[in-house]
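Text of upload.pdb, listed as PDB, C-alpha atoms, pLDDT in the B column:
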ATOM      1  CA  MET A  24     -66.198  -9.605 -56.358  1.00 49.00           C
ATOM      2  CA  SER A  25     -64.730 -12.404 -58.390  1.00 48.00           C
ATOM      3  CA  PRO A  26     -61.706 -14.312 -57.197  1.00 50.00           C
ATOM      4  CA  SER A  27     -59.725 -13.186 -60.203  1.00 50.00           C
ATOM      5  CA  SER A  28     -60.047  -9.522 -59.240  1.00 50.00           C
ATOM      6  CA  SER A  29     -58.783  -9.972 -55.652  1.00 52.00           C
ATOM      7  CA  THR A  30     -55.237  -8.910 -54.910  1.00 56.00           C
ATOM      8  CA  ALA A  31     -52.725 -11.390 -53.588  1.00 57.00           C
ATOM      9  CA  PRO A  32     -51.388 -10.791 -50.047  1.00 55.00           C
ATOM     10  CA  PRO A  33     -47.902  -9.295 -49.807  1.00 54.00           C
ATOM     11  CA  PRO A  34     -45.116 -11.792 -49.307  1.00 54.00           C
ATOM     12  CA  GLU A  35     -44.063 -12.332 -45.734  1.00 56.00           C
ATOM     13  CA  LYS A  36     -40.749 -10.846 -44.683  1.00 52.00           C
ATOM     14  CA  SER A  37     -38.250 -12.689 -42.607  1.00 54.00           C
ATOM     15  CA  ASN A  38     -37.244 -11.604 -39.098  1.00 53.00           C
ATOM     16  CA  GLU A  39     -33.781 -10.707 -40.376  1.00 52.00           C
ATOM     17  CA  GLN A  40     -35.256  -8.138 -42.772  1.00 52.00           C
ATOM     18  CA  TYR A  41     -37.223  -6.504 -39.980  1.00 51.00           C
ATOM     19  CA  LEU A  42     -34.165  -6.456 -37.683  1.00 50.00           C
ATOM     20  CA  ASP A  43     -32.027  -4.849 -40.393  1.00 52.00           C
ATOM     21  CA  ARG A  44     -34.436  -1.936 -40.550  1.00 57.00           C
ATOM     22  CA  GLN A  45     -33.946  -1.244 -36.824  1.00 68.00           C
ATOM     23  CA  TYR A  46     -30.315  -0.175 -37.310  1.00 66.00           C
ATOM     24  CA  THR A  47     -28.553   2.384 -39.463  1.00 66.00           C
ATOM     25  CA  ALA A  48     -25.614   1.606 -41.734  1.00 64.00           C
ATOM     26  CA  GLY A  49     -23.288   2.684 -38.933  1.00 61.00           C
ATOM     27  CA  GLY A  50     -24.788   0.210 -36.473  1.00 65.00           C
ATOM     28  CA  HIS A  51     -26.827   2.704 -34.376  1.00 65.00           C
ATOM     29  CA  GLU A  52     -30.485   2.265 -33.546  1.00 67.00           C
ATOM     30  CA  ASN A  53     -32.681   3.677 -36.331  1.00 66.00           C
ATOM     31  CA  ASP A  54     -34.698   6.025 -34.108  1.00 60.00           C
ATOM     32  CA  ARG A  55     -37.165   7.931 -36.285  1.00 60.00           C
ATOM     33  CA  SER A  56     -39.004   9.607 -33.434  1.00 58.00           C
ATOM     34  CA  GLN A  57     -38.922  13.372 -33.068  1.00 54.00           C
ATOM     35  CA  PRO A  58     -37.892  14.172 -29.494  1.00 52.00           C
ATOM     36  CA  PRO A  59     -37.771  17.803 -28.293  1.00 58.00           C
ATOM     37  CA  LEU A  60     -33.954  17.605 -28.262  1.00 56.00           C
ATOM     38  CA  PRO A  61     -31.940  15.376 -30.598  1.00 53.00           C
ATOM     39  CA  VAL A  62     -30.108  12.373 -29.204  1.00 53.00           C
ATOM     40  CA  VAL A  63     -26.363  12.843 -29.803  1.00 54.00           C
ATOM     41  CA  HIS A  64     -23.798  10.089 -29.389  1.00 57.00           C
ATOM     42  CA  ARG A  65     -20.997  11.932 -27.587  1.00 61.00           C
ATOM     43  CA  SER A  66     -17.312  11.241 -27.084  1.00 73.00           C
ATOM     44  CA  PHE A  67     -15.049  13.157 -24.697  1.00 79.00           C
ATOM     45  CA  ALA A  68     -11.713  14.683 -25.594  1.00 86.00           C
ATOM     46  CA  ASN A  69      -8.693  14.374 -23.324  1.00 90.00           C
ATOM     47  CA  PRO A  70      -8.468  17.586 -21.222  1.00 93.00           C
ATOM     48  CA  SER A  71      -5.064  16.733 -19.708  1.00 93.00           C
ATOM     49  CA  PRO A  72      -2.951  18.396 -22.451  1.00 94.00           C
ATOM     50  CA  LEU A  73      -4.739  21.702 -21.897  1.00 95.00           C
ATOM     51  CA  GLY A  74      -4.164  21.534 -18.161  1.00 95.00           C
ATOM     52  CA  LEU A  75      -0.508  20.531 -18.445  1.00 96.00           C
ATOM     53  CA  ILE A  76       0.433  23.010 -21.177  1.00 96.00           C
ATOM     54  CA  SER A  77      -1.292  25.918 -19.422  1.00 96.00           C
ATOM     55  CA  PHE A  78       0.470  24.978 -16.180  1.00 96.00           C
ATOM     56  CA  ALA A  79       3.827  24.753 -17.967  1.00 96.00           C
ATOM     57  CA  SER A  80       3.382  28.148 -19.611  1.00 96.00           C
ATOM     58  CA  ASP A  81       2.638  29.933 -16.355  1.00 94.00           C
ATOM     59  CA  ILE A  82       5.391  28.208 -14.385  1.00 96.00           C
ATOM     60  CA  PHE A  83       7.750  29.344 -17.149  1.00 96.00           C
ATOM     61  CA  LEU A  84       6.671  32.969 -16.745  1.00 94.00           C
ATOM     62  CA  ILE A  85       6.903  32.873 -12.955  1.00 95.00           C
ATOM     63  CA  SER A  86      10.368  31.302 -13.139  1.00 95.00           C
ATOM     64  CA  VAL A  87      11.959  33.515 -15.789  1.00 95.00           C
ATOM     65  CA  TYR A  88      10.600  36.696 -14.210  1.00 94.00           C
ATOM     66  CA  GLY A  89      11.866  35.452 -10.839  1.00 93.00           C
ATOM     67  CA  LEU A  90      15.296  34.945 -12.412  1.00 94.00           C
ATOM     68  CA  HIS A  91      15.078  38.526 -13.812  1.00 91.00           C
ATOM     69  CA  ALA A  92      15.679  37.368 -17.379  1.00 92.00           C
ATOM     70  CA  ARG A  93      16.560  40.246 -19.727  1.00 90.00           C
ATOM     71  CA  GLY A  94      16.746  42.528 -16.710  1.00 90.00           C
ATOM     72  CA  VAL A  95      12.984  42.452 -16.043  1.00 88.00           C
ATOM     73  CA  GLN A  96      12.323  43.401 -12.413  1.00 84.00           C
ATOM     74  CA  SER A  97       8.531  43.842 -12.353  1.00 84.00           C
ATOM     75  CA  PRO A  98       6.534  40.668 -13.098  1.00 82.00           C
ATOM     76  CA  ASN A  99       3.139  42.388 -13.444  1.00 85.00           C
ATOM     77  CA  VAL A 100       2.889  41.629 -17.179  1.00 88.00           C
ATOM     78  CA  MET A 101       2.306  37.958 -16.350  1.00 91.00           C
ATOM     79  CA  VAL A 102      -0.954  38.719 -14.483  1.00 92.00           C
ATOM     80  CA  GLY A 103      -3.146  38.399 -17.587  1.00 92.00           C
ATOM     81  CA  MET A 104      -1.501  35.109 -18.574  1.00 94.00           C
ATOM     82  CA  LEU A 105      -1.929  33.704 -15.076  1.00 95.00           C
ATOM     83  CA  VAL A 106      -5.593  34.693 -14.897  1.00 95.00           C
ATOM     84  CA  PHE A 107      -6.798  33.531 -18.301  1.00 95.00           C
ATOM     85  CA  PHE A 108      -4.518  30.725 -19.516  1.00 95.00           C
ATOM     86  CA  GLY A 109      -3.243  29.438 -16.195  1.00 93.00           C
ATOM     87  CA  GLY A 110      -6.384  30.105 -14.189  1.00 95.00           C
ATOM     88  CA  VAL A 111      -9.463  29.885 -16.396  1.00 95.00           C
ATOM     89  CA  CYS A 112      -8.183  27.324 -18.931  1.00 95.00           C
ATOM     90  CA  GLN A 113      -6.665  25.075 -16.293  1.00 95.00           C
ATOM     91  CA  PHE A 114      -9.794  25.278 -14.144  1.00 95.00           C
ATOM     92  CA  LEU A 115     -11.900  24.281 -17.163  1.00 95.00           C
ATOM     93  CA  ALA A 116      -9.545  21.370 -17.804  1.00 95.00           C
ATOM     94  CA  GLY A 117     -10.119  20.233 -14.224  1.00 95.00           C
ATOM     95  CA  ILE A 118     -13.907  20.421 -14.642  1.00 95.00           C
ATOM     96  CA  MET A 119     -13.642  18.353 -17.831  1.00 94.00           C
ATOM     97  CA  GLU A 120     -11.591  15.787 -15.912  1.00 93.00           C
ATOM     98  CA  PHE A 121     -14.515  15.530 -13.470  1.00 91.00           C
ATOM     99  CA  VAL A 122     -16.785  14.702 -16.422  1.00 89.00           C
ATOM    100  CA  THR A 123     -14.444  12.004 -17.741  1.00 88.00           C
ATOM    101  CA  GLY A 124     -14.163  10.453 -14.285  1.00 89.00           C
ATOM    102  CA  ASN A 125     -10.478  11.204 -13.622  1.00 91.00           C
ATOM    103  CA  THR A 126     -10.338  12.138  -9.942  1.00 93.00           C
ATOM    104  CA  PHE A 127      -6.608  12.848  -9.942  1.00 94.00           C
ATOM    105  CA  GLY A 128      -6.696  15.170 -12.958  1.00 94.00           C
ATOM    106  CA  ALA A 129      -9.817  16.935 -11.709  1.00 95.00           C
ATOM    107  CA  THR A 130      -8.250  17.623  -8.325  1.00 96.00           C
ATOM    108  CA  VAL A 131      -4.824  18.660  -9.576  1.00 96.00           C
ATOM    109  CA  PHE A 132      -5.885  20.919 -12.454  1.00 96.00           C
ATOM    110  CA  THR A 133      -8.566  22.795 -10.525  1.00 96.00           C
ATOM    111  CA  SER A 134      -6.130  23.253  -7.628  1.00 97.00           C
ATOM    112  CA  TYR A 135      -3.321  24.709  -9.721  1.00 97.00           C
ATOM    113  CA  GLY A 136      -5.835  26.779 -11.673  1.00 96.00           C
ATOM    114  CA  ALA A 137      -6.751  28.327  -8.335  1.00 96.00           C
ATOM    115  CA  PHE A 138      -3.034  28.688  -7.539  1.00 96.00           C
ATOM    116  CA  ASN A 139      -2.439  30.696 -10.712  1.00 96.00           C
ATOM    117  CA  LEU A 140      -5.442  32.915 -10.030  1.00 95.00           C
ATOM    118  CA  SER A 141      -4.402  33.534  -6.437  1.00 95.00           C
ATOM    119  CA  TYR A 142      -0.763  34.183  -7.402  1.00 95.00           C
ATOM    120  CA  ALA A 143      -1.901  36.682 -10.026  1.00 94.00           C
ATOM    121  CA  MET A 144      -3.970  38.482  -7.396  1.00 94.00           C
ATOM    122  CA  ILE A 145      -0.797  39.242  -5.431  1.00 92.00           C
ATOM    123  CA  TYR A 146       0.609  41.331  -8.275  1.00 89.00           C
ATOM    124  CA  LEU A 147      -2.707  42.748  -9.486  1.00 88.00           C
ATOM    125  CA  PRO A 148      -2.551  46.450  -8.517  1.00 81.00           C
ATOM    126  CA  GLY A 149      -6.279  46.664  -7.878  1.00 83.00           C
ATOM    127  CA  SER A 150      -6.174  43.851  -5.303  1.00 86.00           C
ATOM    128  CA  GLY A 151      -4.212  45.998  -2.837  1.00 88.00           C
ATOM    129  CA  ILE A 152      -2.257  42.989  -1.544  1.00 90.00           C
ATOM    130  CA  ILE A 153       1.224  44.398  -2.139  1.00 89.00           C
ATOM    131  CA  ALA A 154       0.037  47.872  -1.085  1.00 88.00           C
ATOM    132  CA  ALA A 155      -0.951  46.449   2.302  1.00 91.00           C
ATOM    133  CA  TYR A 156       2.656  45.372   2.894  1.00 90.00           C
ATOM    134  CA  THR A 157       4.360  48.436   1.400  1.00 88.00           C
ATOM    135  CA  ASP A 158       6.439  50.618   3.722  1.00 84.00           C
ATOM    136  CA  ALA A 159       5.166  54.186   3.370  1.00 80.00           C
ATOM    137  CA  SER A 160       8.607  55.664   4.061  1.00 80.00           C
ATOM    138  CA  THR A 161      10.538  53.649   1.457  1.00 81.00           C
ATOM    139  CA  GLY A 162       7.763  52.676  -0.955  1.00 77.00           C
ATOM    140  CA  MET A 163       9.055  49.089  -0.974  1.00 83.00           C
ATOM    141  CA  PRO A 164       7.386  45.922   0.326  1.00 83.00           C
ATOM    142  CA  SER A 165       8.396  45.165   3.896  1.00 85.00           C
ATOM    143  CA  GLN A 166       9.881  41.939   5.225  1.00 88.00           C
ATOM    144  CA  GLU A 167       6.389  41.012   6.384  1.00 92.00           C
ATOM    145  CA  PHE A 168       5.418  40.635   2.724  1.00 93.00           C
ATOM    146  CA  ASN A 169       8.199  38.088   2.175  1.00 92.00           C
ATOM    147  CA  GLU A 170       7.119  36.152   5.266  1.00 95.00           C
ATOM    148  CA  ALA A 171       3.494  36.149   4.098  1.00 95.00           C
ATOM    149  CA  VAL A 172       4.490  34.860   0.632  1.00 95.00           C
ATOM    150  CA  ALA A 173       6.652  32.188   2.279  1.00 96.00           C
ATOM    151  CA  ILE A 174       3.695  30.872   4.299  1.00 97.00           C
ATOM    152  CA  TYR A 175       1.600  30.923   1.127  1.00 97.00           C
ATOM    153  CA  LEU A 176       4.247  28.826  -0.657  1.00 97.00           C
ATOM    154  CA  TRP A 177       4.535  26.400   2.260  1.00 98.00           C
ATOM    155  CA  VAL A 178       0.816  25.662   1.973  1.00 98.00           C
ATOM    156  CA  TRP A 179       1.194  24.864  -1.714  1.00 97.00           C
ATOM    157  CA  PHE A 180       4.268  22.759  -0.953  1.00 98.00           C
ATOM    158  CA  ILE A 181       2.164  20.576   1.365  1.00 98.00           C
ATOM    159  CA  ILE A 182      -0.590  20.271  -1.250  1.00 98.00           C
ATOM    160  CA  THR A 183       1.937  19.339  -3.948  1.00 98.00           C
ATOM    161  CA  VAL A 184       3.497  16.635  -1.755  1.00 98.00           C
ATOM    162  CA  LEU A 185       0.052  15.038  -1.435  1.00 97.00           C
ATOM    163  CA  TYR A 186      -0.354  15.127  -5.212  1.00 97.00           C
ATOM    164  CA  THR A 187       3.126  13.692  -5.719  1.00 97.00           C
ATOM    165  CA  VAL A 188       2.229  10.668  -3.619  1.00 96.00           C
ATOM    166  CA  ALA A 189      -1.004  10.263  -5.613  1.00 95.00           C
ATOM    167  CA  ALA A 190       1.011  10.249  -8.865  1.00 94.00           C
ATOM    168  CA  MET A 191       3.206   7.309  -7.855  1.00 92.00           C
ATOM    169  CA  ARG A 192       1.300   4.893 -10.126  1.00 87.00           C
ATOM    170  CA  SER A 193       0.897   7.184 -13.144  1.00 90.00           C
ATOM    171  CA  THR A 194       3.966   7.950 -15.299  1.00 94.00           C
ATOM    172  CA  TRP A 195       7.555   8.803 -14.505  1.00 95.00           C
ATOM    173  CA  VAL A 196       7.322  12.103 -16.355  1.00 96.00           C
ATOM    174  CA  LEU A 197       4.299  13.279 -14.338  1.00 95.00           C
ATOM    175  CA  PHE A 198       5.740  11.992 -11.069  1.00 96.00           C
ATOM    176  CA  LEU A 199       9.070  13.748 -11.630  1.00 97.00           C
ATOM    177  CA  ASP A 200       7.175  16.871 -12.667  1.00 97.00           C
ATOM    178  CA  LEU A 201       5.414  17.083  -9.300  1.00 97.00           C
ATOM    179  CA  PHE A 202       8.561  15.952  -7.464  1.00 97.00           C
ATOM    180  CA  MET A 203      10.549  18.831  -8.954  1.00 97.00           C
ATOM    181  CA  LEU A 204       7.673  21.186  -8.138  1.00 98.00           C
ATOM    182  CA  ASP A 205       8.049  20.138  -4.501  1.00 98.00           C
ATOM    183  CA  PHE A 206      11.672  21.289  -4.540  1.00 97.00           C
ATOM    184  CA  CYS A 207      10.744  24.475  -6.388  1.00 97.00           C
ATOM    185  CA  LEU A 208       8.125  25.510  -3.821  1.00 98.00           C
ATOM    186  CA  MET A 209      10.270  24.477  -0.859  1.00 98.00           C
ATOM    187  CA  LEU A 210      13.299  26.470  -2.026  1.00 97.00           C
ATOM    188  CA  LEU A 211      11.179  29.531  -2.836  1.00 97.00           C
ATOM    189  CA  ALA A 212       9.519  29.383   0.582  1.00 97.00           C
ATOM    190  CA  VAL A 213      12.899  29.172   2.312  1.00 97.00           C
ATOM    191  CA  GLY A 214      14.265  31.942   0.101  1.00 96.00           C
ATOM    192  CA  PHE A 215      11.416  34.313   0.937  1.00 95.00           C
ATOM    193  CA  MET A 216      11.720  33.540   4.657  1.00 95.00           C
ATOM    194  CA  THR A 217      15.489  34.053   4.840  1.00 94.00           C
ATOM    195  CA  GLY A 218      15.917  36.640   2.098  1.00 92.00           C
ATOM    196  CA  ASN A 219      18.629  34.478   0.548  1.00 94.00           C
ATOM    197  CA  THR A 220      18.709  35.346  -3.152  1.00 93.00           C
ATOM    198  CA  GLY A 221      20.798  32.268  -3.982  1.00 96.00           C
ATOM    199  CA  VAL A 222      18.135  29.918  -2.613  1.00 97.00           C
ATOM    200  CA  MET A 223      15.435  31.817  -4.474  1.00 95.00           C
ATOM    201  CA  THR A 224      17.435  31.563  -7.692  1.00 96.00           C
ATOM    202  CA  ALA A 225      17.708  27.800  -7.173  1.00 97.00           C
ATOM    203  CA  GLY A 226      13.936  27.620  -6.607  1.00 97.00           C
ATOM    204  CA  TYR A 227      13.124  29.501  -9.797  1.00 97.00           C
ATOM    205  CA  SER A 228      15.633  27.294 -11.662  1.00 97.00           C
ATOM    206  CA  PHE A 229      13.729  24.207 -10.515  1.00 97.00           C
ATOM    207  CA  GLY A 230      10.643  25.949 -11.898  1.00 97.00           C
ATOM    208  CA  VAL A 231      12.210  25.898 -15.359  1.00 97.00           C
ATOM    209  CA  VAL A 232      12.688  22.127 -15.010  1.00 97.00           C
ATOM    210  CA  VAL A 233       9.037  21.792 -13.940  1.00 97.00           C
ATOM    211  CA  CYS A 234       8.045  23.772 -17.023  1.00 97.00           C
ATOM    212  CA  PHE A 235      10.002  21.417 -19.302  1.00 97.00           C
ATOM    213  CA  LEU A 236       8.474  18.275 -17.758  1.00 97.00           C
ATOM    214  CA  SER A 237       4.952  19.737 -17.902  1.00 97.00           C
ATOM    215  CA  PHE A 238       5.372  20.561 -21.584  1.00 97.00           C
ATOM    216  CA  TRP A 239       6.686  17.019 -22.116  1.00 96.00           C
ATOM    217  CA  ALA A 240       3.652  15.408 -20.475  1.00 95.00           C
ATOM    218  CA  GLY A 241       1.246  17.797 -22.202  1.00 95.00           C
ATOM    219  CA  THR A 242       2.584  17.239 -25.709  1.00 95.00           C
ATOM    220  CA  ALA A 243       2.599  13.473 -25.151  1.00 93.00           C
ATOM    221  CA  GLY A 244      -1.150  13.588 -24.625  1.00 91.00           C
ATOM    222  CA  LEU A 245      -1.793  16.165 -27.345  1.00 93.00           C
ATOM    223  CA  TRP A 246       0.170  14.541 -30.162  1.00 93.00           C
ATOM    224  CA  VAL A 247      -1.074  10.961 -29.681  1.00 88.00           C
ATOM    225  CA  GLY A 248      -3.437  10.026 -32.501  1.00 80.00           C
ATOM    226  CA  ILE A 249      -2.910  13.401 -34.219  1.00 87.00           C
ATOM    227  CA  THR A 250       0.724  13.290 -35.310  1.00 89.00           C
ATOM    228  CA  PRO A 251       3.065  10.372 -36.040  1.00 91.00           C
ATOM    229  CA  ILE A 252       5.283  11.577 -33.178  1.00 91.00           C
ATOM    230  CA  LYS A 253       4.972   9.434 -30.056  1.00 92.00           C
ATOM    231  CA  VAL A 254       6.413  11.039 -26.930  1.00 92.00           C
ATOM    232  CA  PRO A 255       7.197   8.416 -24.245  1.00 93.00           C
ATOM    233  CA  VAL A 256       6.013   9.102 -20.693  1.00 93.00           C
ATOM    234  CA  PHE A 257       7.285   5.839 -19.117  1.00 93.00           C
ATOM    235  CA  ASP A 258       4.393   4.224 -17.238  1.00 92.00           C
ATOM    236  CA  MET A 259       5.125   3.374 -13.609  1.00 90.00           C
ATOM    237  CA  ALA A 260       2.420   0.739 -13.138  1.00 73.00           C
TER     238      ALA A 260
END
How does the structure come out when it is put into C-alpha cells?
Amino acid sequence: MSPSSSTAPPPEKSNEQYLDRQYTAGGHENDRSQPPLPVVHRSFANPSPLGLISFASDIFLISVYGLHARGVQSPNVMVGMLVFFGGVCQFLAGIMEFVTGNTFGATVFTSYGAFNLSYAMIYLPGSGIIAAYTDASTGMPSQEFNEAVAIYLWVWFIITVLYTVAAMRSTWVLFLDLFMLDFCLMLLAVGFMTGNTGVMTAGYSFGVVVCFLSFWAGTAGLWVGITPIKVPVFDMA
C-alpha cells in the first residue's frame, strides 16, 4: 500500500477532555454500566413535622373530649384518629428519624406513637379493658379503673420528664412543649387518683397548651423552604 493511501492517526486528546467525559452536566459520575438495580442519589425529608403535627392533633382530641366540649361525654370517636394518625404516622416518623440519625426524634416519636396506640386500646370496645373494670351492678367503671389509668399516666409522666431533660439543648418551643406535657400528665394522674374533677380539668387544659406548642414546632419545620413564612422556634444552644 502506498504512503498516500494510508490514513493519518487520530489527533491525541488531552487529559482534560477525557476527564470531562467521566462526569455528567450535573457533576455526577457518568456511570454507563447496567447494574441489576439503578443507582439513585437519595436525599431524606425531615420527618419531624409529621411527628409533631400528629402528636398535636391527638393531644387536642384527648384534651377537648376530656373537657367535655360541646357536651361530648364518650370519647370513643377519637380511637381511629389515635390509631392511624397518632399511632401509625407518628411511629413511621420515628422510624424515619432513625434513618436520618436523629436519636432524640426517633426515641420520642416512636414512644408517643406507642402511647397513642395504647391509649386508644383503652377505649376500643373490642379490647375489653374498660369492660374488665366495669361494675356489673351499675354498669359504670369502678374506682379501680381510675387508679389503673393513674398509674398508667404516672409511667408516661416519668418518661416525659426524661425527654424534657434531653430537650434542654434543642429549642425553647420544643422544651416548653414537653415541660407543659409534664404538668398535663401529672395533673391528670393526680385527678384520676383522687377523683378531683377540678384537677383533671386543669390537666386537660394544659393539654390544649401542649397541642398549641406542638403545632407551632411542627409548622416551623414544615413551612421552612416551602413558604415565605418563617416560624421562630428560639434555639437554646
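Here atom CA of Phe114 of chain A and atom CA of Thr224 of chain A stand 28.7 Å from one another.
Atom CA of Ile76 of chain A sits 22.4 Å away from atom CA of Tyr146 of chain A.
Within 8 Å of Thr242 of chain A, once all atoms listed in the file are used and residues closer than 3 positions along the same chain are dropped, the contacting residues are A:Pro72, A:Ile76, A:Phe238, A:Trp239, A:Leu245, A:Trp246, A:Val254.
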Take the residues from that selection and put them in a file with C-alpha atoms, as a PDB file, in the frame of the given file.
ATOM      1  CA  PRO A  72      -2.951  18.396 -22.451  1.00 94.00           C
ATOM      2  CA  ILE A  76       0.433  23.010 -21.177  1.00 96.00           C
ATOM      3  CA  PHE A 238       5.372  20.561 -21.584  1.00 97.00           C
ATOM      4  CA  TRP A 239       6.686  17.019 -22.116  1.00 96.00           C
ATOM      5  CA  LEU A 245      -1.793  16.165 -27.345  1.00 93.00           C
ATOM      6  CA  TRP A 246       0.170  14.541 -30.162  1.00 93.00           C
ATOM      7  CA  VAL A 254       6.413  11.039 -26.930  1.00 92.00           C
TER       8      VAL A 254
END
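Between Trp177 of chain A and the residues A:Ile82, A:Leu73, A:Leu211, A:Ile249, the shortest atom-to-atom distance, using only C-alpha atoms, involves A:Leu211.
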* **Within 12 Å of Ser141 of chain A using all atoms listed in the file, minus same-chain residues under 4 positions, as JSON, numbers by chain** => {"A": [102, 105, 106, 109, 110, 111, 134, 135, 136, 137, 145, 146, 147, 150, 152, 172, 175, 176, 179]}
Emit as lines of an AutoDock Vina configuration file the padded axis-aligned box for all listed atoms of segment 106-119 of chain A, 8 Å per side, with centre and edge lengths in Å to one decimal.
center_x = -8.6
center_y = 26.5
center_z = -16.8
size_x = 26.7
size_y = 32.3
size_z = 21.4
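If you look at atom CA of Asn169 of chain A and atom CA of Gly149 of chain A, they are 19.6 Å away from each other.
Polymer residues near (-10.9, 17.2, -10.9): counting only C-alpha atoms with a cut-off of 12 Å, they are Pro70, Ser71, Gly74, Gln113, Phe114, Leu115, Ala116, Gly117, Ile118, Met119, Glu120, Phe121, Val122, Thr123, Gly124, Asn125, Thr126, Phe127, Gly128, Ala129, Thr130, Val131, Phe132, Thr133, Ser134, Tyr135 and Gly136 of chain A.
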Convert the current residue selection to file output with C-alpha atoms, as a short mmCIF file (atom, residue, chain, number, x, y, z; two decimals), keeping the file's coordinate frame.
data_model
loop_
_atom_site.label_atom_id
_atom_site.label_comp_id
_atom_site.auth_asym_id
_atom_site.auth_seq_id
_atom_site.Cartn_x
_atom_site.Cartn_y
_atom_site.Cartn_z
CA PRO A 70 -8.47 17.59 -21.22
CA SER A 71 -5.06 16.73 -19.71
CA GLY A 74 -4.16 21.53 -18.16
CA GLN A 113 -6.66 25.08 -16.29
CA PHE A 114 -9.79 25.28 -14.14
CA LEU A 115 -11.90 24.28 -17.16
CA ALA A 116 -9.54 21.37 -17.80
CA GLY A 117 -10.12 20.23 -14.22
CA ILE A 118 -13.91 20.42 -14.64
CA MET A 119 -13.64 18.35 -17.83
CA GLU A 120 -11.59 15.79 -15.91
CA PHE A 121 -14.52 15.53 -13.47
CA VAL A 122 -16.78 14.70 -16.42
CA THR A 123 -14.44 12.00 -17.74
CA GLY A 124 -14.16 10.45 -14.28
CA ASN A 125 -10.48 11.20 -13.62
CA THR A 126 -10.34 12.14 -9.94
CA PHE A 127 -6.61 12.85 -9.94
CA GLY A 128 -6.70 15.17 -12.96
CA ALA A 129 -9.82 16.93 -11.71
CA THR A 130 -8.25 17.62 -8.32
CA VAL A 131 -4.82 18.66 -9.58
CA PHE A 132 -5.88 20.92 -12.45
CA THR A 133 -8.57 22.80 -10.52
CA SER A 134 -6.13 23.25 -7.63
CA TYR A 135 -3.32 24.71 -9.72
CA GLY A 136 -5.84 26.78 -11.67
#
Check what the PyMOL selection byres ((chain A and resi 154-156) around 10) selects in the file above and give those residues as a PDB file with C-alpha atoms, keeping the file's coordinate frame.
ATOM      1  CA  ILE A 145      -0.797  39.242  -5.431  1.00 92.00           C
ATOM      2  CA  TYR A 146       0.609  41.331  -8.275  1.00 89.00           C
ATOM      3  CA  PRO A 148      -2.551  46.450  -8.517  1.00 81.00           C
ATOM      4  CA  GLY A 149      -6.279  46.664  -7.878  1.00 83.00           C
ATOM      5  CA  SER A 150      -6.174  43.851  -5.303  1.00 86.00           C
ATOM      6  CA  GLY A 151      -4.212  45.998  -2.837  1.00 88.00           C
ATOM      7  CA  ILE A 152      -2.257  42.989  -1.544  1.00 90.00           C
ATOM      8  CA  ILE A 153       1.224  44.398  -2.139  1.00 89.00           C
ATOM      9  CA  THR A 157       4.360  48.436   1.400  1.00 88.00           C
ATOM     10  CA  ASP A 158       6.439  50.618   3.722  1.00 84.00           C
ATOM     11  CA  ALA A 159       5.166  54.186   3.370  1.00 80.00           C
ATOM     12  CA  GLY A 162       7.763  52.676  -0.955  1.00 77.00           C
ATOM     13  CA  MET A 163       9.055  49.089  -0.974  1.00 83.00           C
ATOM     14  CA  PRO A 164       7.386  45.922   0.326  1.00 83.00           C
ATOM     15  CA  SER A 165       8.396  45.165   3.896  1.00 85.00           C
ATOM     16  CA  GLN A 166       9.881  41.939   5.225  1.00 88.00           C
ATOM     17  CA  GLU A 167       6.389  41.012   6.384  1.00 92.00           C
ATOM     18  CA  PHE A 168       5.418  40.635   2.724  1.00 93.00           C
ATOM     19  CA  ASN A 169       8.199  38.088   2.175  1.00 92.00           C
ATOM     20  CA  ALA A 171       3.494  36.149   4.098  1.00 95.00           C
TER      21      ALA A 171
END
* For Val87 of chain A, please output as number ranges by chain all residues within 12 Å (counting all atoms listed in the file; exclusion window: fewer than 3 positions along the same chain). => A: 80-84, 90-98, 101, 223-232, 234
* Evaluate the PyMOL selection byres ((chain A and resi 259) around 8) on the structure here and hand back the selected residues as an MDAnalysis selection string. => chainID A and resid 191:195 257:258 260
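In terms of minimum interatomic distance to Asp200 of chain A, A:Phe235 ranks closest within A:Phe215, A:Phe67, A:Phe108, A:Phe235, counting all atoms listed in the file.
Of the listed residues (A:Ala173, A:Ala243, A:Lys253, A:Asn139), A:Ala173 comes nearest to Met209 of chain A; the distances count all atoms listed in the file.
Restricting the calculation to only C-alpha atoms, the smallest distance between Val178 of chain A and any of A:Asn69, A:Val247, A:Leu208, A:Phe202 is found for A:Leu208.
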